[in-house]
Each structure stands twice: as C-alpha cells, then as structure tokens.
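*Asks:* This is the structure I want to talk about, given as structure tokens.
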Amino acid sequence: MFKRVIDGARGVSKRLIANINHVMLGAVLMGIGVFLISQQNYFSWPPVMAPIENDDTFGVFFIMVGVAMIGWSIDKKKTARANHFILTSAAVLMAVLTFFQFFHWYLFGIPMPWISNLGLLGVIVVLARRSDSK
C-alpha cells in the first residue's frame, strides 16, 4: 500500500517536471487571480466597466485557469484539445488584463505592470505555438 502511494507521488512529480512551463504559468495565473481578488479598486477605466473589472469573478477566472493548467500537467491523459483550450483561455485573460492596464497607464499615468503582463502573454503564445497538436 505504501509503495503504491510512493510510486504514485513519483509519477505525479515526473509529470510536473515534464511540464514545468505549464506548472509555473499556472502558479503565476493563480497569483494574479489572488492579487486581483484582494484589490477592490484596482481598475477605474472605463468608468462603466470598473465594477465588472474590479469584481472578484475576474480574479476567480485567473485562478480557475491556473488550476486547470496545473491539473492538465498532472493528468495522465494530456489531451491536446484541453491544452489548447486552457492556453487560449489564459491568453485571452492576459490580453484583457494587459489592455486595461495599458490604458490606465496611457490615459491616466497610473503605474501599471502592463509591460510584464505583455511579456507573460508572449510566453503563453509561444507555449501554445510549441504545444503538441496531435
């Protein structure tokens, strides 16, 4: 019984190491989600969208995609379709976040980390481009 648990843990750790880019990206997305949930008035532009942008649901989407990405890394049956869906969802979320942060910086001069998020969006696109498409 104990040997099976140890062998299972080794298998999970091997799968995590084999997909370290997905694991790290999933952790970063979860961190962004927690940050967005903890900041109640992070966005202010456009004024009609601010309540939607500052809603906790936006942060929860980041956490859900991060958990799904790490879950895909652990899964024994890694389907290409699930990987594409998860990476596309991550790219859309990062693009929306980068768009809003850029315009906060450009229009109001509010310091926002849009450049680093644009770089992270680039990493997601490269990861999606290099993904297996069987």
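Ordering of the structure tokens sets the chain letters (A, B, ...); residue numbers start at 1 within each chain; ligands are numbered from 1 in the order shown.
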I want to know what sits within 12 Å of His84 (chain A), based on only C-alpha atoms, with residues of the same chain fewer than 2 positions away left out; could you give that as JSON, numbers by chain?
*Replies:* {"A": [22, 65, 68, 69, 72, 78, 79, 80, 81, 82, 86, 87, 88, 89, 90, 91, 124, 125, 127, 128, 129, 130, 131, 132, 133, 134]}
*Asks:* For region 95-106 of chain A, find every residue with an atom within 10 Å (counting only C-alpha atoms), except residues of its own chain fewer than 4 positions away, and show them as number ranges by chain.
*Replies:* A: 32, 42-46, 53, 58, 89-91, 110-122
*Asks:* Go through A:Leu93, A:Gly66, A:Ile74, A:Ala50 and flag the residue nearest Gly31 (chain A), using only C-alpha atoms for the distances.
*Replies:*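 Closest residue, counting only C-alpha atoms: A:Gly66.
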*Asks:* Which of these, A:Met30, A:Asn21, A:Val12, A:Val126, has the shortest distance to Val67 (chain A) once you count only C-alpha atoms?
*Replies:*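 Ranked by minimum distance to Val67 (chain A), first place goes to A:Met30.
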*Asks:* What is the CA of Leu29 (chain A)-CA of Phe62 (chain A) distance in Å, reported with one decimal?
*Replies:* 5.4 Å
*Asks:* Tell me which protein, DNA and RNA residues are within 12 Å of Val34 (chain A), counting only C-alpha atoms, leaving out same-chain ones fewer than 5 positions away, and put them as a list of chain:residue names.
*Replies:*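 The filter keeps A:Ala27, A:Val28, A:Leu29, A:Gln39, A:Gln40, A:Asp56, A:Thr57, A:Phe58, A:Gly59, A:Val60, A:Phe61, A:Phe62, A:Ile63, A:Met64, A:Gly66.
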*Asks:* How many Å lie between CA of Ser73 (chain A) and CA of Ala18 (chain A), rounded to one decimal?
*Replies:* 8.2 Å
*Asks:* Could you jot down the CA of Gly71 (chain A) to CA of Asn83 (chain A) separation for me, Å, one decimal place?
*Replies:*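 Computing it gives 10.4 Å between the two atoms.
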*Asks:* Based on the backbone DSSP call, show me all residues of chain A assigned alpha helix (DSSP H), as a VMD selection string.
*Replies:* chain A and resid 2 to 18 20 to 38 50 to 53 56 to 74 80 to 108 114 to 129
